[in-house]
Amino acid sequence: MSYFKTIVCFANSRKTAGRCIAGKEWQNGNPGEWIRPVSERQTHEISEAERCYRDGQEPQLLDIINVPCINHQPLSHQRENHEIDASCYWSSQDRLAWQRIDAWLDEPDTLWGTRQGSYSGLNNRVSIGEEDGSSLYLIRVKSLRLLVGLKAPEYPDSKRAVRGEFTYRNVNYRIDVTDPFIESHYLQQSDGQYDIAHPVLCLSLGDPFQGYYYKLIAAVLYPERFL
């Protein structure tokens with residue numbers, strides 16, 4: 001039997017052949033638990049057809065969305081997952097005002113631990129077996145520095161990418177960005193560094209890859225984006 005989860009959308013990020021949608025449950029105007037709608041596919045991404053509204057539009061950040069679901073599907077690193085009812089349309093009932101976002105922020109001590117980084121990242125991954133079940137945070141940082149260019153400069157045939165550097169609770173992070181809007185906008189710019197002041201970041205823990213779960217900047221939210 002299907003049921004509905006009503007969420008404020010804080011991520012509509014790139015994943016495999018589709019998107020990763022995530023948000024916090026809307027409880028009469030107050031924030032509830034994190035919810036990640038997932039498909040029955042092995043990689044769980046949501047296709048364009050599955051996530052669209054009846055009028056063909058798709059969820060935007062801060063939309064308050066009704067998502068039809070059929071089953072809670074928690075994973076060891078993603079307890080927030082709910083499998084969608086792919087036969088039903090999603091619907092949007094309103095939008096959260098940017099001025100209200102502070103009430104929805106998280107304040108974890110760390111972002112899934114520290115001292116584990118890849119060759120191109122910094123504190124950007126968690127070893128499989130060290131997960132705690134949570135995979136989503138919404139935090140505000142003083143500044144986000146976007147790094148645009150080859151992810152691996154020592155390999156000239158590698159693709160250009162967008163990564164984000166920021167500091168949270170006196171710990172520095174360098175993490176891949178999977179926000180399609182940010183990727184599209186900044187990959188059109190010259191290689192370099194670009195700063196966004198006082199953004200809110202939706203951070204996600206990805207699926208297992210070569211022994212690790214990688215941290216991702218799934219969305220970058222700031223006032224000018226919602227004008």
# chains A, B, ... in the order shown; residues from 1 in each chain; ligands from 1
>>> closest_atom_pairs(of="segment 81-121 of chain A", to="segment 141-163 of chain A", cutoff="10 Å", atoms="only C-alpha atoms", output="tab-separated table")
residue	atom	partner	partner_atom	distance
A:Tyr119	CA	A:Ala152	CA	8.6
A:Ser120	CA	A:Lys151	CA	6.7
A:Gly121	CA	A:Arg163	CA	8.5
>>> select_by_dssp(residues="segment 22-191 of chain A", states="strand (DSSP E)", output="ChimeraX atom specification")
/A:22-27,30-38,63-72,81-84,91-95,125-127,136-140,143-150,160-168,171-177
>>> select_by_dssp(residues="segment 70-170 of chain A", states="helix (DSSP H, G or I)", output="short mmCIF file (atom, residue, chain, number, x, y, z; two decimals) with C-alpha atoms, in the first residue's frame")
data_model
loop_
_atom_site.label_atom_id
_atom_site.label_comp_id
_atom_site.auth_asym_id
_atom_site.auth_seq_id
_atom_site.Cartn_x
_atom_site.Cartn_y
_atom_site.Cartn_z
CA TRP A 98 14.53 31.29 1.98
CA GLN A 99 14.18 33.45 5.11
CA ARG A 100 12.97 30.36 7.03
CA ILE A 101 15.85 28.05 6.12
CA ASP A 102 17.81 28.50 9.37
CA ALA A 103 15.18 26.50 11.26
CA TRP A 104 15.92 23.53 9.00
#
>>> residues_around(residues="segment 80-89 of chain A", least_positions_apart="6", cutoff="6 Å", atoms="only C-alpha atoms", output="list in words")
Trp34, Ile35, Arg36, Pro37, Val38, Ser39, Glu50, Tyr53, Arg54, Pro68, Cys69, Ile70, Asn71, His72, Gln73 and Pro74 of chain A
>>> write_last_selection(atoms="N, CA and C atoms", output="mmCIF file, in the first residue's frame")
data_model
loop_
_atom_site.group_PDB
_atom_site.id
_atom_site.type_symbol
_atom_site.label_atom_id
_atom_site.label_comp_id
_atom_site.auth_asym_id
_atom_site.auth_seq_id
_atom_site.Cartn_x
_atom_site.Cartn_y
_atom_site.Cartn_z
ATOM 1 N N TRP A 34 15.067 13.374 7.753
ATOM 2 C CA TRP A 34 15.485 13.355 6.354
ATOM 3 C C TRP A 34 14.784 12.209 5.618
ATOM 4 N N ILE A 35 14.407 12.485 4.366
ATOM 5 C CA ILE A 35 13.795 11.490 3.490
ATOM 6 C C ILE A 35 14.518 11.531 2.139
ATOM 7 N N ARG A 36 14.897 10.353 1.640
ATOM 8 C CA ARG A 36 15.462 10.271 0.293
ATOM 9 C C ARG A 36 14.581 9.326 -0.525
ATOM 10 N N PRO A 37 13.789 9.838 -1.474
ATOM 11 C CA PRO A 37 13.040 8.952 -2.374
ATOM 12 C C PRO A 37 14.016 8.209 -3.282
ATOM 13 N N VAL A 38 13.828 6.901 -3.425
ATOM 14 C CA VAL A 38 14.709 6.094 -4.271
ATOM 15 C C VAL A 38 13.866 5.206 -5.179
ATOM 16 N N SER A 39 14.469 4.799 -6.287
ATOM 17 C CA SER A 39 13.806 3.877 -7.209
ATOM 18 C C SER A 39 14.168 2.444 -6.857
ATOM 19 N N GLU A 50 9.982 9.733 -13.399
ATOM 20 C CA GLU A 50 9.539 9.367 -12.054
ATOM 21 C C GLU A 50 9.413 10.569 -11.132
ATOM 22 N N TYR A 53 6.217 16.421 -11.987
ATOM 23 C CA TYR A 53 4.854 16.733 -11.586
ATOM 24 C C TYR A 53 3.916 16.461 -12.762
ATOM 25 N N ARG A 54 2.622 16.546 -12.509
ATOM 26 C CA ARG A 54 1.638 16.263 -13.547
ATOM 27 C C ARG A 54 1.783 17.214 -14.740
ATOM 28 N N PRO A 68 4.800 9.975 -3.442
ATOM 29 C CA PRO A 68 4.171 8.678 -3.155
ATOM 30 C C PRO A 68 5.237 7.592 -2.989
ATOM 31 N N CYS A 69 5.150 6.853 -1.894
ATOM 32 C CA CYS A 69 6.137 5.819 -1.584
ATOM 33 C C CYS A 69 5.430 4.492 -1.305
ATOM 34 N N ILE A 70 6.197 3.426 -1.386
ATOM 35 C CA ILE A 70 5.617 2.105 -1.129
ATOM 36 C C ILE A 70 6.338 1.336 -0.027
ATOM 37 N N ASN A 71 7.568 1.767 0.332
ATOM 38 C CA ASN A 71 8.304 0.957 1.302
ATOM 39 C C ASN A 71 9.515 1.713 1.820
ATOM 40 N N HIS A 72 9.779 1.593 3.106
ATOM 41 C CA HIS A 72 11.016 2.116 3.678
ATOM 42 C C HIS A 72 12.138 1.148 3.329
ATOM 43 N N GLN A 73 13.217 1.677 2.711
ATOM 44 C CA GLN A 73 14.318 0.824 2.244
ATOM 45 C C GLN A 73 15.646 1.315 2.809
ATOM 46 N N PRO A 74 15.838 1.257 4.131
ATOM 47 C CA PRO A 74 17.093 1.755 4.707
ATOM 48 C C PRO A 74 18.286 0.889 4.326
#
>>> atom_distance(atom1="atom CA of Glu33 of chain A", atom2="atom CA of Pro180 of chain A")
24.5 Å
>>> closest_residue(among="A:Tyr194, A:Phe181, A:Phe209, A:Phe10", to="Ala22 of chain A", atoms="only C-alpha atoms")
A:Phe10
>>> residues_around(residues="Ala219 of chain A", least_positions_apart="4", cutoff="8 Å", atoms="only C-alpha atoms", output="VMD selection string")
chain A and resid 10 to 13 177 to 179 201 to 203
>>> write_last_selection(atoms="N, CA, C and O atoms", output="mmCIF file, in the first residue's frame")
data_model
loop_
_atom_site.group_PDB
_atom_site.id
_atom_site.type_symbol
_atom_site.label_atom_id
_atom_site.label_comp_id
_atom_site.auth_asym_id
_atom_site.auth_seq_id
_atom_site.Cartn_x
_atom_site.Cartn_y
_atom_site.Cartn_z
ATOM 1 N N PHE A 10 15.769 19.707 -0.584
ATOM 2 C CA PHE A 10 17.064 20.345 -0.366
ATOM 3 C C PHE A 10 18.136 19.806 -1.308
ATOM 4 O O PHE A 10 19.279 20.268 -1.265
ATOM 5 N N ALA A 11 17.796 18.835 -2.144
ATOM 6 C CA ALA A 11 18.769 18.326 -3.119
ATOM 7 C C ALA A 11 18.040 17.741 -4.317
ATOM 8 O O ALA A 11 17.046 17.028 -4.158
ATOM 9 N N ASN A 12 18.520 18.077 -5.493
ATOM 10 C CA ASN A 12 18.101 17.453 -6.754
ATOM 11 C C ASN A 12 19.392 17.309 -7.551
ATOM 12 O O ASN A 12 19.688 18.083 -8.451
ATOM 13 N N SER A 13 20.188 16.328 -7.169
ATOM 14 C CA SER A 13 21.578 16.263 -7.620
ATOM 15 C C SER A 13 21.799 15.165 -8.649
ATOM 16 O O SER A 13 21.020 14.222 -8.755
ATOM 17 N N VAL A 177 31.246 18.370 -6.140
ATOM 18 C CA VAL A 177 29.934 18.990 -6.262
ATOM 19 C C VAL A 177 29.107 18.201 -7.279
ATOM 20 O O VAL A 177 29.568 17.924 -8.386
ATOM 21 N N THR A 178 27.868 17.838 -6.919
ATOM 22 C CA THR A 178 26.970 17.133 -7.841
ATOM 23 C C THR A 178 25.670 17.908 -8.053
ATOM 24 O O THR A 178 24.692 17.340 -8.526
ATOM 25 N N ASP A 179 25.672 19.176 -7.706
ATOM 26 C CA ASP A 179 24.528 20.057 -7.947
ATOM 27 C C ASP A 179 24.539 20.442 -9.427
ATOM 28 O O ASP A 179 25.444 21.146 -9.884
ATOM 29 N N LEU A 201 24.702 24.389 2.493
ATOM 30 C CA LEU A 201 25.085 23.223 1.710
ATOM 31 C C LEU A 201 24.265 22.017 2.132
ATOM 32 O O LEU A 201 24.118 21.748 3.335
ATOM 33 N N CYS A 202 23.754 21.301 1.152
ATOM 34 C CA CYS A 202 23.191 19.982 1.411
ATOM 35 C C CYS A 202 24.267 18.968 1.079
ATOM 36 O O CYS A 202 24.713 18.878 -0.067
ATOM 37 N N LEU A 203 24.699 18.227 2.079
ATOM 38 C CA LEU A 203 25.762 17.245 1.921
ATOM 39 C C LEU A 203 25.172 15.845 1.973
ATOM 40 O O LEU A 203 24.275 15.561 2.775
#
>>> residues_around(residues="Ile64 of chain A", least_positions_apart="3", cutoff="7 Å", atoms="only C-alpha atoms", output="ChimeraX atom specification")
/A:6-9,92-96
>>> closest_residue(among="A:Cys20, A:Leu221, A:Ala197, A:Leu216", to="Leu105 of chain A", atoms="only C-alpha atoms")
A:Leu221
>>> closest_residue(among="A:Cys52, A:Ile65, A:Met1, A:Leu111", to="Tyr173 of chain A", atoms="only C-alpha atoms")
A:Leu111
>>> atom_distance(atom1="atom CA of Arg19 of chain A", atom2="atom CA of Tyr137 of chain A")
17.6 Å
